[in-house]
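**Q** The file below is run-v7.txt, compact mmCIF, C-alpha atoms and all ligand atoms:
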```txt
# COMPACT_ATOMS: atom_id res chain seq x y z
CA MET W 1 20.81 39.30 -27.19
CA PRO W 2 18.17 41.04 -29.30
CA ILE W 3 14.56 40.20 -28.44
CA HIS W 4 13.83 38.40 -31.65
CA THR W 5 17.05 36.40 -31.54
CA ALA W 6 16.13 35.24 -28.04
CA ALA W 7 12.78 33.95 -29.29
CA ALA W 8 14.44 32.15 -32.20
CA ALA W 9 17.08 30.58 -29.98
CA ARG W 10 14.44 29.35 -27.56
CA GLY W 11 12.57 27.62 -30.38
CA SER W 12 15.63 26.03 -31.93
CA ALA W 13 15.42 23.00 -29.62
CA ASP W 14 12.18 21.94 -31.34
CA ARG W 15 12.03 20.16 -34.64
CA GLY W 16 8.59 21.23 -35.89
CA VAL W 17 7.81 23.51 -38.81
CA LEU W 18 7.68 26.54 -36.49
CA ALA W 19 11.22 25.84 -35.28
CA GLN W 20 12.44 25.57 -38.86
CA VAL W 21 10.75 28.81 -39.91
CA ARG W 22 12.18 30.58 -36.84
CA LEU W 23 15.68 29.41 -37.48
CA ALA W 24 15.56 30.23 -41.17
CA THR W 25 14.32 33.78 -40.51
CA ARG W 26 16.49 34.57 -37.49
CA GLY W 27 18.63 37.01 -39.44
CA THR W 28 15.57 38.95 -40.57
CA HIS W 29 14.39 39.18 -36.98
CA ASP W 30 17.71 40.69 -36.04
CA ALA W 31 17.43 43.17 -38.90
CA LEU W 32 14.01 44.26 -37.64
CA ASP W 33 15.41 44.73 -34.14
CA ALA W 34 17.97 47.07 -35.59
CA LEU W 35 15.31 49.17 -37.32
CA LEU W 36 13.12 49.63 -34.21
CA PRO W 37 15.66 48.81 -31.48
CA VAL W 38 13.73 50.01 -28.47
CA GLY W 39 10.20 49.87 -29.80
CA LEU W 40 8.13 52.99 -30.43
CA ARG W 41 10.16 55.92 -29.14
CA ASP W 42 8.08 58.61 -30.81
CA LEU W 43 5.21 59.27 -33.19
CA HIS W 44 7.48 58.81 -36.19
CA ASP W 45 8.34 55.25 -35.06
CA TYR W 46 4.67 54.45 -34.54
CA ARG W 47 3.77 55.68 -38.02
CA ARG W 48 6.66 53.67 -39.50
CA TYR W 49 5.51 50.55 -37.63
CA LEU W 50 1.90 50.83 -38.84
CA GLY W 51 2.98 51.67 -42.39
CA ALA W 52 5.30 48.65 -42.48
CA LEU W 53 2.69 46.16 -41.30
CA LEU W 54 -0.09 47.46 -43.58
CA PRO W 55 1.15 45.86 -46.85
CA LEU W 56 1.76 42.57 -45.03
CA ALA W 57 -1.81 42.59 -43.67
CA GLU W 58 -3.08 43.46 -47.16
CA TRP W 59 -1.23 40.56 -48.71
CA LEU W 60 -2.57 38.12 -46.12
CA ALA W 61 -6.14 39.41 -46.46
CA HIS W 62 -6.21 39.41 -50.24
CA GLY W 63 -3.59 36.84 -51.18
CA ASP W 64 -5.85 33.83 -51.03
CA ARG W 65 -6.54 31.70 -54.07
CA PRO W 66 -9.59 29.68 -55.06
CA ASP W 67 -7.63 26.41 -54.89
CA TRP W 68 -6.74 26.86 -51.21
CA PRO W 69 -9.86 28.22 -49.51
CA ARG W 70 -8.67 26.95 -46.12
CA ALA W 71 -7.06 30.35 -45.55
CA LYS W 72 -10.48 31.87 -45.14
CA THR W 73 -12.12 29.05 -43.27
CA ASP W 74 -9.28 27.92 -41.00
CA TRP W 75 -7.28 31.00 -40.22
CA ASP W 76 -8.68 34.30 -41.34
CA ASP W 77 -8.62 37.49 -39.32
CA GLY W 78 -11.51 39.49 -40.68
CA GLN W 79 -10.81 42.63 -38.65
CA ARG W 80 -7.04 43.13 -38.57
CA LEU W 81 -6.73 44.92 -41.90
CA ASP W 82 -9.64 47.28 -41.20
CA CYS W 83 -8.11 48.20 -37.83
CA LEU W 84 -4.75 48.88 -39.42
CA ARG W 85 -6.23 50.94 -42.23
CA ALA W 86 -8.20 53.02 -39.74
CA ASP W 87 -5.07 53.73 -37.65
CA CYS W 88 -3.06 54.62 -40.76
CA ALA W 89 -5.81 56.99 -41.90
CA ALA W 90 -6.01 58.62 -38.44
CA LEU W 91 -2.26 59.27 -38.46
CA ASP W 92 -2.06 60.13 -42.16
CA VAL W 93 0.34 57.27 -42.88
CA ALA W 94 1.12 56.79 -46.57
CA THR W 95 -0.47 53.62 -47.93
CA THR W 96 1.53 53.10 -51.12
CA PRO W 97 0.68 49.68 -52.59
CA THR W 98 3.41 47.02 -52.33
CA ALA W 99 3.58 44.14 -54.81
CA ALA W 100 2.24 41.00 -53.10
CA PRO W 101 4.36 37.83 -53.36
CA SER W 102 3.30 35.48 -56.12
CA SER W 103 3.10 31.67 -56.28
CA ALA W 104 1.26 31.50 -53.00
CA SER W 105 0.06 28.21 -51.52
CA TRP W 106 -1.51 27.32 -48.19
CA PRO W 107 1.85 26.63 -46.43
CA HIS W 108 3.42 29.70 -48.07
CA TRP W 109 0.54 31.89 -46.87
CA LEU W 110 0.76 30.37 -43.36
CA GLY W 111 4.45 31.28 -43.35
CA GLY W 112 3.45 34.86 -44.08
CA CYS W 113 0.95 34.63 -41.22
CA TYR W 114 3.81 33.63 -38.90
CA VAL W 115 5.28 37.11 -39.33
CA ILE W 116 2.16 39.00 -38.33
CA GLU W 117 0.97 36.50 -35.70
CA GLY W 118 4.43 36.54 -34.11
CA SER W 119 4.50 40.31 -34.17
CA ALA W 120 1.47 40.22 -31.85
CA LEU W 121 3.77 38.82 -29.12
CA GLY W 122 5.85 41.97 -29.20
CA ALA W 123 2.76 44.12 -29.67
CA ARG W 124 1.93 43.89 -25.97
CA LEU W 125 5.06 45.85 -25.21
CA LEU W 126 4.39 48.23 -28.11
CA SER W 127 0.85 48.86 -26.80
CA ARG W 128 2.39 50.35 -23.67
CA HIS W 129 4.61 52.57 -25.80
CA ALA W 130 1.56 53.68 -27.84
CA ALA W 131 -0.33 54.46 -24.63
CA GLY W 132 2.52 56.75 -23.64
CA LEU W 133 2.47 58.41 -27.06
CA ALA W 134 -1.29 58.97 -26.74
CA GLU W 135 -0.67 61.17 -23.72
CA GLU W 136 1.54 63.43 -25.79
CA HIS W 137 -0.29 63.24 -29.13
CA ALA W 138 -4.08 63.50 -29.16
CA GLU W 139 -4.30 61.90 -32.61
CA VAL W 140 -2.77 58.65 -31.30
CA ARG W 141 -5.72 58.20 -28.92
CA GLY W 142 -7.97 57.25 -31.82
CA ALA W 143 -5.27 55.27 -33.64
CA ARG W 144 -4.68 52.22 -31.47
CA ARG W 145 -7.23 49.85 -32.97
CA PHE W 146 -4.65 47.54 -34.56
CA LEU W 147 -2.54 47.08 -31.44
CA GLY W 148 -5.71 46.65 -29.39
CA HIS W 149 -7.02 44.04 -31.79
CA ILE W 150 -3.89 41.91 -32.13
CA THR W 151 -3.32 41.83 -28.37
CA SER W 152 -6.94 40.99 -27.53
CA ASP W 153 -6.68 37.22 -27.95
CA PRO W 154 -3.46 35.87 -26.37
CA PRO W 155 -4.33 32.17 -26.94
CA ARG W 156 -4.39 32.85 -30.69
CA TRP W 157 -0.61 32.39 -30.89
CA GLY W 158 -0.85 28.88 -29.44
CA ARG W 159 -3.60 27.98 -31.91
CA PHE W 160 -1.48 29.32 -34.75
CA VAL W 161 1.57 27.32 -33.68
CA ARG W 162 -0.53 24.14 -33.67
CA LEU W 163 -1.75 24.92 -37.20
CA LEU W 164 1.76 25.61 -38.48
CA ASP W 165 3.22 22.53 -36.81
CA ALA W 166 0.44 20.40 -38.28
CA LEU W 167 1.86 21.02 -41.77
CA PRO W 168 3.60 18.00 -43.27
CA GLU W 169 7.38 18.12 -42.99
CA GLY W 170 7.59 18.54 -46.76
CA ASP W 171 5.78 21.90 -46.52
CA ALA W 172 8.39 23.50 -44.24
CA GLY W 173 10.26 24.98 -47.21
CA ALA W 174 7.14 26.69 -48.57
CA ALA W 175 6.26 28.01 -45.11
CA THR W 176 9.77 29.38 -44.70
CA SER W 177 9.55 31.03 -48.08
CA GLY W 178 6.24 32.66 -47.09
CA ALA W 179 7.78 33.93 -43.85
CA ARG W 180 10.75 35.34 -45.75
CA ASP W 181 8.36 37.12 -48.13
CA GLY W 182 6.40 38.49 -45.17
CA PHE W 183 9.51 39.78 -43.42
CA ALA W 184 10.78 41.28 -46.66
CA ILE W 185 7.59 43.32 -47.04
CA VAL W 186 7.90 44.71 -43.51
CA HIS W 187 11.62 45.28 -43.77
CA SER W 188 11.40 47.14 -47.08
CA ARG W 189 8.99 49.66 -45.55
CA LEU W 190 10.89 50.09 -42.29
CA ALA W 191 14.36 50.41 -43.75
CA PRO W 192 15.79 53.87 -44.44
CA GLY W 193 14.63 54.90 -47.89
CA GLY W 194 11.51 52.70 -47.61
CA ALA W 195 8.09 54.20 -48.27
CA PRO W 196 7.52 57.36 -46.19
CA ALA W 197 5.42 56.86 -43.06
C1 LIG W 201 8.07 45.75 -36.97
C2 LIG W 201 7.48 44.63 -37.14
C3 LIG W 201 7.72 43.38 -36.33
C4 LIG W 201 7.55 42.12 -36.77
C5 LIG W 201 7.13 41.70 -38.16
C6 LIG W 201 7.85 41.23 -35.67
C7 LIG W 201 7.80 39.85 -35.74
C8 LIG W 201 7.89 39.00 -34.66
C9 LIG W 201 7.76 37.57 -34.71
C10 LIG W 201 7.51 36.77 -35.98
C11 LIG W 201 7.86 37.10 -33.45
C12 LIG W 201 7.71 35.64 -33.02
C13 LIG W 201 9.07 35.00 -32.80
C14 LIG W 201 8.88 33.55 -32.45
O1 LIG W 201 8.49 33.25 -31.31
O2 LIG W 201 9.11 32.71 -33.33
C15 LIG W 201 8.07 38.23 -32.57
C16 LIG W 201 8.21 38.17 -31.19
C17 LIG W 201 8.47 39.25 -30.40
N1 LIG W 201 8.70 40.54 -30.80
FE1 LIG W 201 8.56 41.23 -32.70
N2 LIG W 201 8.19 41.96 -34.59
C18 LIG W 201 8.15 43.29 -34.93
C19 LIG W 201 8.46 44.38 -34.13
C20 LIG W 201 8.82 44.30 -32.80
C21 LIG W 201 9.24 45.41 -32.00
C22 LIG W 201 9.39 46.85 -32.48
C23 LIG W 201 9.46 44.92 -30.75
C24 LIG W 201 9.94 45.65 -29.53
C25 LIG W 201 11.03 46.35 -29.52
C26 LIG W 201 9.18 43.51 -30.77
C27 LIG W 201 9.25 42.65 -29.70
C28 LIG W 201 8.96 41.32 -29.70
C29 LIG W 201 8.86 40.48 -28.51
C30 LIG W 201 9.04 40.96 -27.06
C31 LIG W 201 8.57 39.20 -28.95
C32 LIG W 201 8.33 37.99 -28.08
C33 LIG W 201 9.63 37.33 -27.82
C34 LIG W 201 9.39 36.17 -26.92
O3 LIG W 201 8.63 35.29 -27.29
O4 LIG W 201 9.97 36.14 -25.86
N3 LIG W 201 8.81 43.16 -32.03
N4 LIG W 201 8.09 39.36 -33.34
```
Mind turning this structure into structure tokens?
Ligand code: HEM
**A**
Amino acid sequence: MPIHTAAAARGSADRGVLAQVRLATRGTHDALDALLPVGLRDLHDYRRYLGALLPLAEWLAHGDRPDWPRAKTDWDDGQRLDCLRADCAALDVATTPTAAPSSASWPHWLGGCYVIEGSALGARLLSRHAAGLAEEHAEVRGARRFLGHITSDPPRWGRFVRLLDALPEGDAGAATSGARDGFAIVHSRLAPGGAPA
């Protein structure tokens, strides 16, 4: 069973918003598995990975709206985007702008956060792959800020799950839509023919 499918199946016994978002995006998880099936095999994979997460991080950092300031006060990551930009610059990864999803709301934005917060779970494994790449490629040594940052606070995932599950049941659809938008951004950059890394 692919890694992401296993995580989705494990969560399907719950009934909270997280479980609903997981189930609804299970197919997208599988599609991501297929695009990076064994993690970061080489420098090309690492550049693709960083280039695919950059537009998602940009959307989440800049997609807030004045009528839902809780994004900044309750769940902002003020460093993630800077780390990612620095790694992309160090590895000369193309940073072509991607259109951010419209009609955002607090639950929609939190759904988008699910994609990047969840990716931090897998990032612990990817950090080991990047460490191996750094032995072969000197430029990778100075380009591991993002992975270092998102793996530096393991309890963050638990805090995020509590925030997502605190949404009213009626917001599950908007959260799922945000997660779908987030996955679509990543997928469009990772897929063959996506923006060059
Ligand atoms: C490319 C961008 C990626 C995104 C957006 C992403 C997204 C996610 C999300 C949302 C989760 C949380 C699932 C849940 O518990 O509901 C997750 C978990 C995970 N991902 Fe990924 N992922 C990505 C790449 C990868 C890669 C390349 C690998 C390794 C081959 C990987 C390995 C994992 C692992 C090991 C987990 C934890 C599964 C568990 O809880 O047992 N991910 N990922």
**Q** I want to know what sits within 10 Å of Phe146 (chain W), based on all atoms listed in the file, with residues of the same chain fewer than 4 positions away left out; could you give that as a ChimeraX atom specification?
**A** /W:50,79-88,120,123,127,150-152
**Q** Could you tell me how far CA of Leu56 (chain W) lies from CA of Phe183 (chain W), in Å and to one decimal?
**A**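 Between CA of Leu56 (chain W) and CA of Phe183 (chain W) the gap is 8.4 Å.
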**Q** Can you tell me which residues sit at most 9 Å away from ligand LIG 201 (chain W), counting all atoms listed in the file, written as a ChimeraX atom specification?
**A** /W:2-11,18-19,21-23,25-26,29,32-33,35-40,45,48-50,52-53,56,113-126,179,182-183,186-187,190
**Q** Using Å and a single decimal, report how far CA of His129 (chain W) sits from CA of Leu43 (chain W).
**A**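 Separation between CA of Leu43 (chain W) and CA of His129 (chain W): 10.0 Å.
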**Q** How far is it from CA of Trp106 (chain W) to CA of Asp171 (chain W), in Å with one decimal?
**A**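 A separation of 9.2 Å between them.
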**Q** Kindly indicate which residue among W:Ser177, W:Pro101, W:Gly51, W:Leu163 lies nearest to Gly194 (chain W), using only C-alpha atoms for the distances.
**A**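 The closest residue to Gly194 (chain W) is W:Gly51.
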**Q** Tell me which of W:Ala143, W:Val17, W:Ala131, W:Ala90 sits closest to Ala174 (chain W), counting all atoms listed in the file.
**A** W:Val17
**Q** Considering all atoms listed in the file, state which residue in the set W:Pro107, W:Leu147, W:Arg156, W:Leu60 is at the smallest distance from Pro168 (chain W).
**A** W:Pro107
**Q** Which of these residues is nearest to His44 (chain W), using only C-alpha atoms: W:Arg180, W:His137, W:Arg15, W:His62?
**A** W:His137
**Q** Have a look at W:Gly111, W:Arg162, W:Ala138, W:Arg189 and name the one nearest to Gln20 (chain W); count all atoms listed in the file.
**A** W:Gly111
**Q** For each of W:Glu135, W:Gly170, W:Gly16, W:Trp109, take the minimum atom-to-atom distance to Trp75 (chain W), counting all atoms listed in the file, then give the residue where this is smallest.
**A**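 Closest to Trp75 (chain W) of all the choices is W:Trp109.
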**Q** Could you give me the axis-aligned bounding box of region 20-34 of chain W, with 5 Å of padding per side, as centre plus edge lengths in Å to one decimal, as lines of an AutoDock Vina configuration file?
**A**
```
center_x = 14.7
center_y = 36.3
center_z = -37.7
size_x = 17.9
size_y = 31.5
size_z = 17.0
```
